[in-house]
$ cat run.cif   # mmCIF, N, CA and C atoms
data_upload
loop_
_atom_site.label_atom_id
_atom_site.label_comp_id
_atom_site.auth_asym_id
_atom_site.auth_seq_id
_atom_site.Cartn_x
_atom_site.Cartn_y
_atom_site.Cartn_z
N MET A 1 86.12 94.48 71.73
CA MET A 1 87.22 94.03 70.92
C MET A 1 88.08 93.07 71.73
N ILE A 2 88.46 91.97 71.11
CA ILE A 2 89.30 90.98 71.78
C ILE A 2 90.73 91.11 71.27
N GLN A 3 91.68 91.23 72.20
CA GLN A 3 93.09 91.24 71.84
C GLN A 3 93.70 89.94 72.37
N ARG A 4 94.28 89.16 71.48
CA ARG A 4 94.92 87.91 71.86
C ARG A 4 96.43 88.17 71.94
N VAL A 5 97.04 87.77 73.03
CA VAL A 5 98.44 88.10 73.28
C VAL A 5 99.26 86.82 73.42
N THR A 6 100.34 86.76 72.65
CA THR A 6 101.33 85.71 72.80
C THR A 6 102.66 86.40 73.06
N ASN A 7 103.23 86.15 74.22
CA ASN A 7 104.46 86.82 74.64
C ASN A 7 105.66 86.12 74.00
N PRO A 8 106.43 86.84 73.18
CA PRO A 8 107.58 86.22 72.52
C PRO A 8 108.69 85.81 73.50
N ALA A 9 108.65 86.31 74.73
CA ALA A 9 109.66 85.93 75.72
C ALA A 9 109.35 84.56 76.35
N LEU A 10 108.14 84.05 76.12
CA LEU A 10 107.74 82.75 76.65
C LEU A 10 107.77 81.71 75.55
N PHE A 11 107.74 80.45 75.94
CA PHE A 11 107.68 79.37 74.96
C PHE A 11 106.43 79.55 74.10
N PRO A 12 106.55 79.51 72.78
CA PRO A 12 105.38 79.76 71.93
C PRO A 12 104.34 78.63 72.04
N PRO A 13 103.10 78.98 72.39
CA PRO A 13 102.07 77.95 72.49
C PRO A 13 101.67 77.46 71.10
N PRO A 14 101.34 76.17 70.97
CA PRO A 14 101.05 75.63 69.64
C PRO A 14 99.77 76.19 69.01
N THR A 15 98.67 76.24 69.74
CA THR A 15 97.40 76.69 69.14
C THR A 15 96.54 77.47 70.12
N TYR A 16 97.18 78.19 71.01
CA TYR A 16 96.43 79.04 71.93
C TYR A 16 97.28 80.26 72.25
N SER A 17 96.65 81.27 72.84
CA SER A 17 97.41 82.46 73.23
C SER A 17 97.67 82.44 74.72
N HIS A 18 98.65 83.23 75.16
CA HIS A 18 98.94 83.32 76.58
C HIS A 18 97.86 84.08 77.34
N ALA A 19 97.23 85.04 76.67
CA ALA A 19 96.21 85.86 77.33
C ALA A 19 95.23 86.40 76.29
N SER A 20 94.01 86.65 76.75
CA SER A 20 93.01 87.35 75.95
C SER A 20 92.58 88.56 76.76
N VAL A 21 92.56 89.72 76.13
CA VAL A 21 92.21 90.97 76.80
C VAL A 21 90.96 91.53 76.13
N VAL A 22 90.01 91.96 76.94
CA VAL A 22 88.77 92.54 76.43
C VAL A 22 88.66 93.96 76.97
N GLU A 23 88.32 94.88 76.09
CA GLU A 23 88.14 96.28 76.50
C GLU A 23 87.01 96.38 77.52
N ALA A 24 87.10 97.32 78.45
CA ALA A 24 86.04 97.55 79.44
C ALA A 24 84.74 97.88 78.71
N GLY A 25 83.63 97.44 79.25
CA GLY A 25 82.33 97.70 78.64
C GLY A 25 81.85 96.55 77.78
N THR A 26 82.68 95.56 77.53
CA THR A 26 82.28 94.38 76.77
C THR A 26 81.54 93.42 77.69
N ARG A 27 80.50 92.84 77.18
CA ARG A 27 79.75 91.86 77.96
C ARG A 27 80.50 90.53 77.95
N ILE A 28 80.76 89.98 79.11
CA ILE A 28 81.51 88.74 79.27
C ILE A 28 80.59 87.67 79.86
N ALA A 29 80.66 86.46 79.31
CA ALA A 29 79.85 85.34 79.82
C ALA A 29 80.78 84.27 80.39
N PHE A 30 80.44 83.79 81.57
CA PHE A 30 81.17 82.70 82.22
C PHE A 30 80.26 81.48 82.13
N LEU A 31 80.62 80.52 81.32
CA LEU A 31 79.75 79.38 81.06
C LEU A 31 80.02 78.22 82.01
N ALA A 32 78.96 77.55 82.39
CA ALA A 32 79.10 76.33 83.19
C ALA A 32 79.79 75.28 82.33
N GLY A 33 80.35 74.29 82.97
CA GLY A 33 81.02 73.23 82.24
C GLY A 33 80.11 72.57 81.22
N SER A 34 80.61 72.46 79.99
CA SER A 34 79.89 71.75 78.94
C SER A 34 80.25 70.28 79.08
N VAL A 35 79.25 69.42 79.10
CA VAL A 35 79.44 67.99 79.35
C VAL A 35 78.91 67.16 78.19
N PRO A 36 79.29 65.89 78.10
CA PRO A 36 78.90 65.05 76.96
C PRO A 36 77.54 64.36 77.13
N LEU A 37 76.51 65.14 77.49
CA LEU A 37 75.17 64.59 77.64
C LEU A 37 74.32 64.98 76.44
N ASP A 38 73.41 64.08 76.03
CA ASP A 38 72.46 64.43 74.98
C ASP A 38 71.26 65.13 75.61
N ALA A 39 70.26 65.46 74.79
CA ALA A 39 69.09 66.21 75.27
C ALA A 39 68.29 65.44 76.33
N GLU A 40 68.45 64.12 76.37
CA GLU A 40 67.75 63.31 77.37
C GLU A 40 68.59 63.10 78.63
N GLY A 41 69.80 63.67 78.66
CA GLY A 41 70.66 63.54 79.83
C GLY A 41 71.48 62.27 79.86
N LYS A 42 71.63 61.61 78.70
CA LYS A 42 72.43 60.39 78.64
C LYS A 42 73.82 60.70 78.12
N ILE A 43 74.83 59.99 78.67
CA ILE A 43 76.21 60.16 78.22
C ILE A 43 76.31 59.74 76.75
N VAL A 44 76.98 60.58 75.95
CA VAL A 44 77.26 60.26 74.56
C VAL A 44 78.69 59.76 74.47
N GLY A 45 78.92 58.68 73.73
CA GLY A 45 80.28 58.19 73.53
C GLY A 45 80.89 57.53 74.75
N GLU A 46 80.13 56.71 75.41
CA GLU A 46 80.65 56.03 76.61
C GLU A 46 81.98 55.34 76.30
N GLY A 47 83.00 55.64 77.10
CA GLY A 47 84.32 55.04 76.94
C GLY A 47 85.17 55.65 75.84
N ASP A 48 84.65 56.64 75.12
CA ASP A 48 85.34 57.21 73.96
C ASP A 48 85.56 58.72 74.18
N PRO A 49 86.76 59.11 74.64
CA PRO A 49 86.99 60.52 74.93
C PRO A 49 86.88 61.43 73.70
N VAL A 50 87.22 60.93 72.53
CA VAL A 50 87.11 61.76 71.32
C VAL A 50 85.65 62.03 71.00
N ARG A 51 84.81 61.01 71.05
CA ARG A 51 83.38 61.21 70.77
C ARG A 51 82.75 62.11 71.84
N GLN A 52 83.17 61.93 73.09
CA GLN A 52 82.66 62.80 74.15
C GLN A 52 83.10 64.24 73.92
N ALA A 53 84.33 64.45 73.49
CA ALA A 53 84.81 65.81 73.22
C ALA A 53 83.98 66.45 72.11
N GLU A 54 83.62 65.69 71.10
CA GLU A 54 82.78 66.21 70.01
C GLU A 54 81.42 66.66 70.55
N GLN A 55 80.83 65.85 71.44
CA GLN A 55 79.54 66.21 72.03
C GLN A 55 79.67 67.43 72.93
N VAL A 56 80.76 67.49 73.68
CA VAL A 56 81.01 68.63 74.56
C VAL A 56 81.10 69.92 73.73
N ILE A 57 81.80 69.87 72.61
CA ILE A 57 81.92 71.04 71.73
C ILE A 57 80.55 71.42 71.17
N ALA A 58 79.77 70.45 70.74
CA ALA A 58 78.42 70.72 70.23
C ALA A 58 77.57 71.38 71.31
N ASN A 59 77.65 70.88 72.54
CA ASN A 59 76.89 71.46 73.64
C ASN A 59 77.40 72.87 73.98
N LEU A 60 78.72 73.07 73.90
CA LEU A 60 79.29 74.39 74.13
C LEU A 60 78.78 75.38 73.08
N GLU A 61 78.72 74.95 71.83
CA GLU A 61 78.19 75.82 70.77
C GLU A 61 76.75 76.21 71.07
N ALA A 62 75.96 75.26 71.59
CA ALA A 62 74.56 75.55 71.94
C ALA A 62 74.49 76.54 73.10
N GLN A 63 75.36 76.37 74.10
CA GLN A 63 75.41 77.30 75.23
C GLN A 63 75.73 78.71 74.72
N LEU A 64 76.71 78.81 73.85
CA LEU A 64 77.12 80.11 73.32
C LEU A 64 76.02 80.74 72.48
N ALA A 65 75.36 79.96 71.65
CA ALA A 65 74.28 80.48 70.80
C ALA A 65 73.15 81.06 71.66
N ALA A 66 72.89 80.42 72.79
CA ALA A 66 71.80 80.89 73.67
C ALA A 66 72.06 82.28 74.24
N ILE A 67 73.31 82.70 74.27
CA ILE A 67 73.65 84.03 74.79
C ILE A 67 74.07 84.99 73.68
N GLY A 68 73.96 84.54 72.42
CA GLY A 68 74.31 85.39 71.30
C GLY A 68 75.80 85.44 71.00
N SER A 69 76.51 84.38 71.33
CA SER A 69 77.94 84.32 71.08
C SER A 69 78.24 83.07 70.27
N ASP A 70 79.53 82.80 70.06
CA ASP A 70 79.94 81.62 69.31
C ASP A 70 81.38 81.26 69.66
N LEU A 71 81.89 80.19 69.06
CA LEU A 71 83.23 79.72 69.38
C LEU A 71 84.31 80.77 69.11
N ALA A 72 84.10 81.61 68.10
CA ALA A 72 85.09 82.63 67.76
C ALA A 72 85.24 83.68 68.85
N HIS A 73 84.26 83.79 69.74
CA HIS A 73 84.30 84.79 70.80
C HIS A 73 84.71 84.21 72.16
N VAL A 74 85.11 82.95 72.17
CA VAL A 74 85.59 82.34 73.41
C VAL A 74 86.95 82.92 73.75
N LEU A 75 87.09 83.38 74.98
CA LEU A 75 88.33 84.00 75.45
C LEU A 75 89.25 82.98 76.09
N SER A 76 88.66 82.06 76.87
CA SER A 76 89.49 81.06 77.55
C SER A 76 88.67 79.82 77.85
N THR A 77 89.39 78.70 77.94
CA THR A 77 88.75 77.43 78.30
C THR A 77 89.65 76.65 79.25
N ASP A 78 89.01 75.79 80.01
CA ASP A 78 89.69 74.73 80.74
C ASP A 78 89.10 73.44 80.21
N VAL A 79 89.97 72.56 79.70
CA VAL A 79 89.54 71.29 79.10
C VAL A 79 89.96 70.18 80.05
N TYR A 80 88.98 69.53 80.64
CA TYR A 80 89.22 68.46 81.61
C TYR A 80 89.04 67.11 80.93
N VAL A 81 90.02 66.21 81.11
CA VAL A 81 89.97 64.88 80.51
C VAL A 81 90.32 63.86 81.58
N VAL A 82 89.47 62.84 81.73
CA VAL A 82 89.75 61.79 82.69
C VAL A 82 90.80 60.87 82.09
N SER A 83 92.06 61.17 82.40
CA SER A 83 93.18 60.35 81.94
C SER A 83 94.48 60.93 82.47
N SER A 84 95.46 60.07 82.60
CA SER A 84 96.81 60.54 82.93
C SER A 84 97.74 60.30 81.74
N GLU A 85 97.17 59.84 80.62
CA GLU A 85 97.97 59.56 79.43
C GLU A 85 97.98 60.75 78.48
N THR A 86 99.16 61.20 78.14
CA THR A 86 99.31 62.35 77.25
C THR A 86 98.62 62.11 75.91
N SER A 87 98.67 60.89 75.40
CA SER A 87 98.05 60.60 74.10
C SER A 87 96.54 60.80 74.13
N VAL A 88 95.90 60.49 75.24
CA VAL A 88 94.45 60.68 75.37
C VAL A 88 94.14 62.18 75.44
N LEU A 89 94.91 62.91 76.23
CA LEU A 89 94.72 64.36 76.30
C LEU A 89 94.93 64.99 74.93
N SER A 90 95.94 64.53 74.21
CA SER A 90 96.22 65.06 72.87
C SER A 90 95.08 64.78 71.90
N SER A 91 94.47 63.61 71.99
CA SER A 91 93.37 63.28 71.08
C SER A 91 92.16 64.17 71.34
N VAL A 92 91.92 64.51 72.60
CA VAL A 92 90.83 65.44 72.92
C VAL A 92 91.20 66.83 72.43
N TRP A 93 92.45 67.24 72.62
CA TRP A 93 92.88 68.56 72.16
C TRP A 93 92.72 68.69 70.64
N GLU A 94 92.94 67.61 69.90
CA GLU A 94 92.74 67.64 68.45
C GLU A 94 91.29 67.99 68.10
N VAL A 95 90.34 67.50 68.88
CA VAL A 95 88.93 67.84 68.67
C VAL A 95 88.71 69.33 68.94
N VAL A 96 89.33 69.83 70.01
CA VAL A 96 89.22 71.26 70.34
C VAL A 96 89.76 72.09 69.18
N GLU A 97 90.93 71.74 68.68
CA GLU A 97 91.52 72.47 67.56
C GLU A 97 90.63 72.44 66.32
N ALA A 98 90.11 71.28 65.99
CA ALA A 98 89.27 71.11 64.79
C ALA A 98 87.95 71.87 64.90
N SER A 99 87.52 72.16 66.11
CA SER A 99 86.22 72.81 66.33
C SER A 99 86.20 74.26 65.90
N GLY A 100 87.35 74.89 65.83
CA GLY A 100 87.40 76.32 65.57
C GLY A 100 87.72 77.12 66.81
N LEU A 101 87.74 76.47 67.96
CA LEU A 101 88.10 77.20 69.19
C LEU A 101 89.51 77.76 69.13
N SER A 102 90.40 77.10 68.42
CA SER A 102 91.78 77.58 68.37
C SER A 102 91.99 78.64 67.30
N THR A 103 90.94 79.05 66.60
CA THR A 103 91.05 80.06 65.56
C THR A 103 91.54 81.38 66.11
N GLY A 104 91.10 81.72 67.33
CA GLY A 104 91.41 83.01 67.96
C GLY A 104 92.87 83.37 68.01
N PRO A 105 93.78 82.62 68.53
CA PRO A 105 93.48 81.48 69.38
C PRO A 105 93.12 81.94 70.79
N HIS A 106 92.30 81.19 71.47
CA HIS A 106 91.92 81.55 72.82
C HIS A 106 92.96 81.04 73.82
N SER A 107 92.85 81.47 75.06
CA SER A 107 93.73 80.98 76.13
C SER A 107 93.11 79.69 76.67
N SER A 108 93.93 78.68 76.89
CA SER A 108 93.36 77.41 77.32
C SER A 108 94.33 76.64 78.20
N THR A 109 93.74 75.79 79.05
CA THR A 109 94.50 74.86 79.86
C THR A 109 93.90 73.48 79.66
N LEU A 110 94.73 72.49 79.36
CA LEU A 110 94.33 71.10 79.19
C LEU A 110 94.75 70.34 80.44
N ILE A 111 93.77 69.70 81.11
CA ILE A 111 94.01 69.14 82.43
C ILE A 111 93.57 67.68 82.49
N GLY A 112 94.46 66.79 82.90
CA GLY A 112 94.10 65.40 83.17
C GLY A 112 93.61 65.29 84.60
N VAL A 113 92.44 64.66 84.77
CA VAL A 113 91.82 64.55 86.10
C VAL A 113 91.45 63.09 86.40
N ALA A 114 91.15 62.81 87.67
CA ALA A 114 90.79 61.46 88.08
C ALA A 114 89.35 61.11 87.76
N CYS A 115 88.44 62.07 87.89
CA CYS A 115 87.03 61.81 87.58
C CYS A 115 86.29 63.12 87.38
N LEU A 116 85.12 63.01 86.76
CA LEU A 116 84.24 64.16 86.55
C LEU A 116 82.87 63.83 87.12
N GLY A 117 81.93 64.76 87.02
CA GLY A 117 80.67 64.67 87.75
C GLY A 117 79.67 63.59 87.38
N TYR A 118 79.63 63.16 86.12
CA TYR A 118 78.65 62.14 85.72
C TYR A 118 79.33 60.80 85.54
N THR A 119 78.65 59.74 85.91
CA THR A 119 79.19 58.40 85.72
C THR A 119 79.49 58.18 84.24
N GLY A 120 80.72 57.78 83.93
CA GLY A 120 81.12 57.54 82.55
C GLY A 120 81.61 58.77 81.81
N GLN A 121 81.56 59.93 82.45
CA GLN A 121 82.01 61.17 81.81
C GLN A 121 83.53 61.21 81.75
N LEU A 122 84.07 61.52 80.55
CA LEU A 122 85.51 61.59 80.36
C LEU A 122 86.01 62.99 79.99
N VAL A 123 85.11 63.88 79.56
CA VAL A 123 85.53 65.21 79.08
C VAL A 123 84.55 66.28 79.57
N GLU A 124 85.09 67.44 79.90
CA GLU A 124 84.29 68.61 80.24
C GLU A 124 85.09 69.86 79.86
N ILE A 125 84.40 70.88 79.38
CA ILE A 125 85.06 72.14 79.03
C ILE A 125 84.30 73.29 79.67
N THR A 126 85.02 74.11 80.45
CA THR A 126 84.46 75.37 80.93
C THR A 126 84.98 76.47 80.02
N ALA A 127 84.19 77.53 79.85
CA ALA A 127 84.59 78.59 78.93
C ALA A 127 84.17 79.95 79.45
N THR A 128 84.92 80.95 79.04
CA THR A 128 84.58 82.36 79.22
C THR A 128 84.55 82.95 77.82
N ALA A 129 83.48 83.71 77.52
CA ALA A 129 83.32 84.25 76.17
C ALA A 129 82.87 85.69 76.20
N ALA A 130 83.22 86.42 75.15
CA ALA A 130 82.70 87.76 74.94
C ALA A 130 81.37 87.61 74.18
N VAL A 131 80.42 88.51 74.48
CA VAL A 131 79.16 88.52 73.75
C VAL A 131 79.22 89.72 72.81
N PRO A 132 79.19 89.49 71.49
CA PRO A 132 79.31 90.59 70.54
C PRO A 132 78.22 91.64 70.75
N GLU A 133 78.57 92.89 70.52
CA GLU A 133 77.64 94.00 70.73
C GLU A 133 76.37 93.87 69.90
N GLU A 134 76.46 93.38 68.68
CA GLU A 134 75.29 93.30 67.81
C GLU A 134 74.21 92.36 68.33
N THR A 135 74.52 91.53 69.37
CA THR A 135 73.52 90.63 69.92
C THR A 135 72.88 91.17 71.19
N ARG A 136 73.29 92.32 71.63
CA ARG A 136 72.75 92.87 72.89
C ARG A 136 71.41 93.52 72.66
#
$ encode --input "run.cif" --output "C-alpha coordinates"
Amino acid sequence: MIQRVTNPALFPPPTYSHASVVEAGTRIAFLAGSVPLDAEGKIVGEGDPVRQAEQVIANLEAQLAAIGSDLAHVLSTDVYVVSSETSVLSSVWEVVEASGLSTGPHSSTLIGVACLGYTGQLVEITATAAVPEETR
(Lines of atoms letter the chains of each structure in order from A and count residues from 1; the text may use other names and numbers.)
(Lines give C-alpha, C1' and ligand atoms only; values in the text may rest on other atoms or scores of the structure.)
Protein backbone atom coordinates (compact mmCIF):
# COMPACT_ATOMS: atom_id res chain seq x y z
CA MET A 1 0.00 0.00 0.00
CA ILE A 2 1.29 3.45 -0.92
CA GLN A 3 0.61 6.39 1.39
CA ARG A 4 1.22 9.81 -0.16
CA VAL A 5 1.89 12.54 2.38
CA THR A 6 1.58 16.30 1.98
CA ASN A 7 2.47 18.17 5.16
CA PRO A 8 0.08 21.10 5.73
CA ALA A 9 2.81 22.91 7.69
CA LEU A 10 4.91 23.17 4.49
CA PHE A 11 4.25 25.10 1.31
CA PRO A 12 1.69 23.04 -0.64
CA PRO A 13 3.29 21.38 -3.67
CA PRO A 14 1.41 21.93 -6.95
CA THR A 15 1.30 18.36 -8.31
CA TYR A 16 3.46 16.16 -6.12
CA SER A 17 3.57 14.96 -2.53
CA HIS A 18 6.24 15.66 0.07
CA ALA A 19 6.72 11.95 0.75
CA SER A 20 5.57 8.50 -0.31
CA VAL A 21 5.52 5.75 2.31
CA VAL A 22 5.35 2.04 1.50
CA GLU A 23 4.50 -0.64 4.06
CA ALA A 24 7.29 -3.13 4.83
CA GLY A 25 7.15 -6.23 2.65
CA THR A 26 6.30 -4.33 -0.54
CA ARG A 27 8.57 -4.96 -3.49
CA ILE A 28 10.36 -1.74 -4.49
CA ALA A 29 12.10 -1.13 -7.83
CA PHE A 30 14.86 1.42 -8.36
CA LEU A 31 14.93 2.21 -12.07
CA ALA A 32 17.90 3.40 -14.07
CA GLY A 33 17.51 6.78 -15.70
CA SER A 34 15.00 6.76 -18.55
CA VAL A 35 16.51 8.56 -21.54
CA PRO A 36 15.15 9.85 -24.88
CA LEU A 37 16.57 7.06 -27.07
CA ASP A 38 14.58 4.99 -29.54
CA ALA A 39 14.96 1.21 -29.94
CA GLU A 40 17.98 1.76 -32.22
CA GLY A 41 19.73 3.96 -29.64
CA LYS A 42 19.16 7.24 -31.48
CA ILE A 43 18.15 10.46 -29.71
CA VAL A 44 14.48 11.32 -30.25
CA GLY A 45 13.54 15.00 -30.51
CA GLU A 46 16.99 16.50 -30.96
CA GLY A 47 16.93 20.06 -29.60
CA ASP A 48 13.33 19.68 -28.34
CA PRO A 49 13.05 19.11 -24.57
CA VAL A 50 9.28 18.55 -24.73
CA ARG A 51 9.57 15.83 -27.39
CA GLN A 52 12.45 14.27 -25.46
CA ALA A 53 10.36 14.30 -22.27
CA GLU A 54 7.58 12.46 -24.12
CA GLN A 55 10.05 9.78 -25.24
CA VAL A 56 11.52 9.54 -21.75
CA ILE A 57 8.02 8.94 -20.32
CA ALA A 58 7.31 6.29 -22.98
CA ASN A 59 10.60 4.56 -22.14
CA LEU A 60 9.84 4.82 -18.41
CA GLU A 61 6.46 3.16 -19.01
CA ALA A 62 8.28 0.32 -20.83
CA GLN A 63 10.76 -0.04 -17.95
CA LEU A 64 7.88 -0.24 -15.48
CA ALA A 65 5.90 -2.73 -17.58
CA ALA A 66 8.93 -5.03 -17.69
CA ILE A 67 8.80 -5.36 -13.90
CA GLY A 68 5.01 -5.55 -13.62
CA SER A 69 4.46 -1.97 -12.52
CA ASP A 70 3.17 1.25 -14.08
CA LEU A 71 3.19 5.04 -13.70
CA ALA A 72 0.52 4.90 -10.96
CA HIS A 73 2.94 2.96 -8.75
CA VAL A 74 5.86 5.38 -9.07
CA LEU A 75 6.85 6.62 -5.62
CA SER A 76 9.44 9.23 -6.55
CA THR A 77 11.27 10.72 -9.51
CA ASP A 78 14.16 13.01 -10.27
CA VAL A 79 13.58 14.90 -13.52
CA TYR A 80 16.78 16.23 -15.06
CA VAL A 81 16.60 18.93 -17.76
CA VAL A 82 19.55 20.50 -19.55
CA SER A 83 18.63 24.15 -19.01
CA SER A 84 18.87 26.98 -16.55
CA GLU A 85 15.63 28.55 -17.81
CA THR A 86 12.57 28.07 -15.63
CA SER A 87 10.29 28.11 -18.70
CA VAL A 88 12.11 25.09 -20.20
CA LEU A 89 11.93 23.17 -16.92
CA SER A 90 8.23 24.04 -16.67
CA SER A 91 7.52 22.78 -20.20
CA VAL A 92 9.12 19.43 -19.33
CA TRP A 93 7.18 19.31 -16.06
CA GLU A 94 3.95 19.79 -18.05
CA VAL A 95 4.78 16.56 -19.92
CA VAL A 96 5.36 14.80 -16.59
CA GLU A 97 1.99 16.02 -15.30
CA ALA A 98 0.15 15.01 -18.48
CA SER A 99 1.68 11.52 -18.36
CA GLY A 100 -0.22 10.47 -15.26
CA LEU A 101 2.84 10.47 -13.02
CA SER A 102 1.31 13.27 -10.97
CA THR A 103 -1.90 11.28 -10.37
CA GLY A 104 -0.51 9.83 -7.13
CA PRO A 105 0.90 12.38 -6.70
CA HIS A 106 4.41 11.01 -6.39
CA SER A 107 7.37 12.77 -4.75
CA SER A 108 9.54 14.51 -7.30
CA THR A 109 12.44 16.87 -7.81
CA LEU A 110 12.87 18.92 -11.01
CA ILE A 111 16.53 19.74 -11.64
CA GLY A 112 18.24 21.96 -14.22
CA VAL A 113 21.65 20.54 -15.17
CA ALA A 114 24.55 21.46 -17.47
CA CYS A 115 24.64 18.20 -19.43
CA LEU A 116 23.51 14.58 -19.49
CA GLY A 117 25.13 11.35 -20.68
CA TYR A 118 24.27 11.19 -24.40
CA THR A 119 25.21 13.79 -26.98
CA GLY A 120 22.11 15.92 -27.61
CA GLN A 121 20.25 14.56 -24.57
CA LEU A 122 18.15 17.19 -22.79
CA VAL A 123 15.94 15.14 -20.42
CA GLU A 124 16.31 12.14 -18.11
CA ILE A 125 14.07 10.75 -15.37
CA THR A 126 15.08 8.36 -12.60
CA ALA A 127 12.29 6.64 -10.70
CA THR A 128 11.52 4.46 -7.72
CA ALA A 129 8.34 2.39 -7.95
CA ALA A 130 6.33 -0.13 -6.00
CA VAL A 131 5.61 -3.44 -7.75
CA PRO A 132 1.98 -4.47 -7.12
CA GLU A 133 1.51 -7.80 -5.36
CA GLU A 134 -0.64 -9.26 -8.15
CA THR A 135 2.41 -9.20 -10.48
CA ARG A 136 4.73 -11.17 -8.21
$ atom_distance --input "run.cif" --atom1 "atom N of A:Ser76" --atom2 "atom N of A:Leu116"
21.8 Å
$ closest_residue --input "run.cif" --among "A:Leu75, A:Val88, A:Val35, A:Val5" --to "A:Ala58" --atoms "only C-alpha atoms"
A:Val35
$ atom_distance --input "run.cif" --atom1 "atom C of A:Val50" --atom2 "atom N of A:Ala66"
22.5 Å
$ resolve_selection --input "run.cif" --expression "the PyMOL selection byres ((chain A and resi 74) around 6)" --output "list in words"
Asp70, Leu71, Ala72, His73, Leu75, Ser76, His106, Thr128, Ala129 and Ala130 of chain A
$ residues_around --input "run.cif" --residues "A:Thr15" --least-positions-apart "5" --cutoff "8 Å" --atoms "all atoms listed in the file" --output "PyMOL selection string"
chain A and resi 97+101-108
$ build_atoms --input "run.cif" --residues "stretch 38-49 of chain A" --atoms "all heavy atoms" --output "PDB file, keeping the file's coordinate frame"
ATOM      1  N   ASP A  38      73.410  64.080  76.030  1.00  0.00           N
ATOM      2  CA  ASP A  38      72.460  64.430  74.980  1.00  0.00           C
ATOM      3  C   ASP A  38      71.260  65.130  75.610  1.00  0.00           C
ATOM      4  O   ASP A  38      71.232  65.374  76.824  1.00  0.00           O
ATOM      5  CB  ASP A  38      72.062  63.199  74.160  1.00  0.00           C
ATOM      6  CG  ASP A  38      71.318  62.138  74.968  1.00  0.00           C
ATOM      7  OD1 ASP A  38      70.808  62.428  76.087  1.00  0.00           O
ATOM      8  OD2 ASP A  38      71.211  61.006  74.476  1.00  0.00           O
ATOM      9  N   ALA A  39      70.260  65.460  74.790  1.00  0.00           N
ATOM     10  CA  ALA A  39      69.090  66.210  75.270  1.00  0.00           C
ATOM     11  C   ALA A  39      68.290  65.440  76.330  1.00  0.00           C
ATOM     12  O   ALA A  39      67.559  66.044  77.103  1.00  0.00           O
ATOM     13  CB  ALA A  39      68.184  66.558  74.092  1.00  0.00           C
ATOM     14  N   GLU A  40      68.450  64.120  76.370  1.00  0.00           N
ATOM     15  CA  GLU A  40      67.750  63.310  77.370  1.00  0.00           C
ATOM     16  C   GLU A  40      68.590  63.100  78.630  1.00  0.00           C
ATOM     17  O   GLU A  40      68.186  62.389  79.549  1.00  0.00           O
ATOM     18  CB  GLU A  40      67.354  61.942  76.783  1.00  0.00           C
ATOM     19  CG  GLU A  40      66.216  62.007  75.777  1.00  0.00           C
ATOM     20  CD  GLU A  40      66.684  62.525  74.409  1.00  0.00           C
ATOM     21  OE1 GLU A  40      67.767  62.084  73.954  1.00  0.00           O
ATOM     22  OE2 GLU A  40      65.997  63.365  73.825  1.00  0.00           O
ATOM     23  N   GLY A  41      69.800  63.670  78.660  1.00  0.00           N
ATOM     24  CA  GLY A  41      70.660  63.540  79.830  1.00  0.00           C
ATOM     25  C   GLY A  41      71.480  62.270  79.860  1.00  0.00           C
ATOM     26  O   GLY A  41      72.015  61.909  80.907  1.00  0.00           O
ATOM     27  N   LYS A  42      71.630  61.610  78.700  1.00  0.00           N
ATOM     28  CA  LYS A  42      72.430  60.390  78.640  1.00  0.00           C
ATOM     29  C   LYS A  42      73.820  60.700  78.120  1.00  0.00           C
ATOM     30  O   LYS A  42      73.995  61.549  77.248  1.00  0.00           O
ATOM     31  CB  LYS A  42      71.759  59.372  77.710  1.00  0.00           C
ATOM     32  CG  LYS A  42      70.420  58.902  78.239  1.00  0.00           C
ATOM     33  CD  LYS A  42      69.779  57.908  77.306  1.00  0.00           C
ATOM     34  CE  LYS A  42      68.409  57.527  77.873  1.00  0.00           C
ATOM     35  NZ  LYS A  42      67.547  56.969  76.874  1.00  0.00           N
ATOM     36  N   ILE A  43      74.830  59.990  78.670  1.00  0.00           N
ATOM     37  CA  ILE A  43      76.210  60.160  78.220  1.00  0.00           C
ATOM     38  C   ILE A  43      76.310  59.740  76.750  1.00  0.00           C
ATOM     39  O   ILE A  43      75.811  58.689  76.361  1.00  0.00           O
ATOM     40  CB  ILE A  43      77.179  59.304  79.068  1.00  0.00           C
ATOM     41  CG1 ILE A  43      77.333  59.870  80.471  1.00  0.00           C
ATOM     42  CG2 ILE A  43      78.543  59.153  78.397  1.00  0.00           C
ATOM     43  CD1 ILE A  43      78.235  61.064  80.585  1.00  0.00           C
ATOM     44  N   VAL A  44      76.980  60.580  75.950  1.00  0.00           N
ATOM     45  CA  VAL A  44      77.260  60.260  74.560  1.00  0.00           C
ATOM     46  C   VAL A  44      78.690  59.760  74.470  1.00  0.00           C
ATOM     47  O   VAL A  44      79.589  60.338  75.077  1.00  0.00           O
ATOM     48  CB  VAL A  44      77.085  61.523  73.671  1.00  0.00           C
ATOM     49  CG1 VAL A  44      77.551  61.266  72.251  1.00  0.00           C
ATOM     50  CG2 VAL A  44      75.643  61.995  73.703  1.00  0.00           C
ATOM     51  N   GLY A  45      78.920  58.680  73.730  1.00  0.00           N
ATOM     52  CA  GLY A  45      80.280  58.190  73.530  1.00  0.00           C
ATOM     53  C   GLY A  45      80.890  57.530  74.750  1.00  0.00           C
ATOM     54  O   GLY A  45      82.068  57.766  75.034  1.00  0.00           O
ATOM     55  N   GLU A  46      80.130  56.710  75.410  1.00  0.00           N
ATOM     56  CA  GLU A  46      80.650  56.030  76.610  1.00  0.00           C
ATOM     57  C   GLU A  46      81.980  55.340  76.300  1.00  0.00           C
ATOM     58  O   GLU A  46      82.096  54.584  75.344  1.00  0.00           O
ATOM     59  CB  GLU A  46      79.641  55.007  77.138  1.00  0.00           C
ATOM     60  CG  GLU A  46      80.095  54.362  78.413  1.00  0.00           C
ATOM     61  CD  GLU A  46      79.058  54.407  79.504  1.00  0.00           C
ATOM     62  OE1 GLU A  46      77.927  54.831  79.245  1.00  0.00           O
ATOM     63  OE2 GLU A  46      79.407  54.010  80.616  1.00  0.00           O
ATOM     64  N   GLY A  47      83.000  55.640  77.100  1.00  0.00           N
ATOM     65  CA  GLY A  47      84.320  55.040  76.940  1.00  0.00           C
ATOM     66  C   GLY A  47      85.170  55.650  75.840  1.00  0.00           C
ATOM     67  O   GLY A  47      86.295  55.223  75.625  1.00  0.00           O
ATOM     68  N   ASP A  48      84.650  56.640  75.120  1.00  0.00           N
ATOM     69  CA  ASP A  48      85.340  57.210  73.960  1.00  0.00           C
ATOM     70  C   ASP A  48      85.560  58.720  74.180  1.00  0.00           C
ATOM     71  O   ASP A  48      84.664  59.529  73.938  1.00  0.00           O
ATOM     72  CB  ASP A  48      84.505  56.983  72.707  1.00  0.00           C
ATOM     73  CG  ASP A  48      85.155  57.475  71.438  1.00  0.00           C
ATOM     74  OD1 ASP A  48      86.190  58.181  71.507  1.00  0.00           O
ATOM     75  OD2 ASP A  48      84.627  57.170  70.352  1.00  0.00           O
ATOM     76  N   PRO A  49      86.760  59.110  74.640  1.00  0.00           N
ATOM     77  CA  PRO A  49      86.990  60.520  74.930  1.00  0.00           C
ATOM     78  C   PRO A  49      86.880  61.430  73.700  1.00  0.00           C
ATOM     79  O   PRO A  49      86.444  62.575  73.823  1.00  0.00           O
ATOM     80  CB  PRO A  49      88.403  60.557  75.511  1.00  0.00           C
ATOM     81  CG  PRO A  49      89.022  59.256  75.168  1.00  0.00           C
ATOM     82  CD  PRO A  49      87.920  58.280  74.952  1.00  0.00           C
TER      83      PRO A  49
END
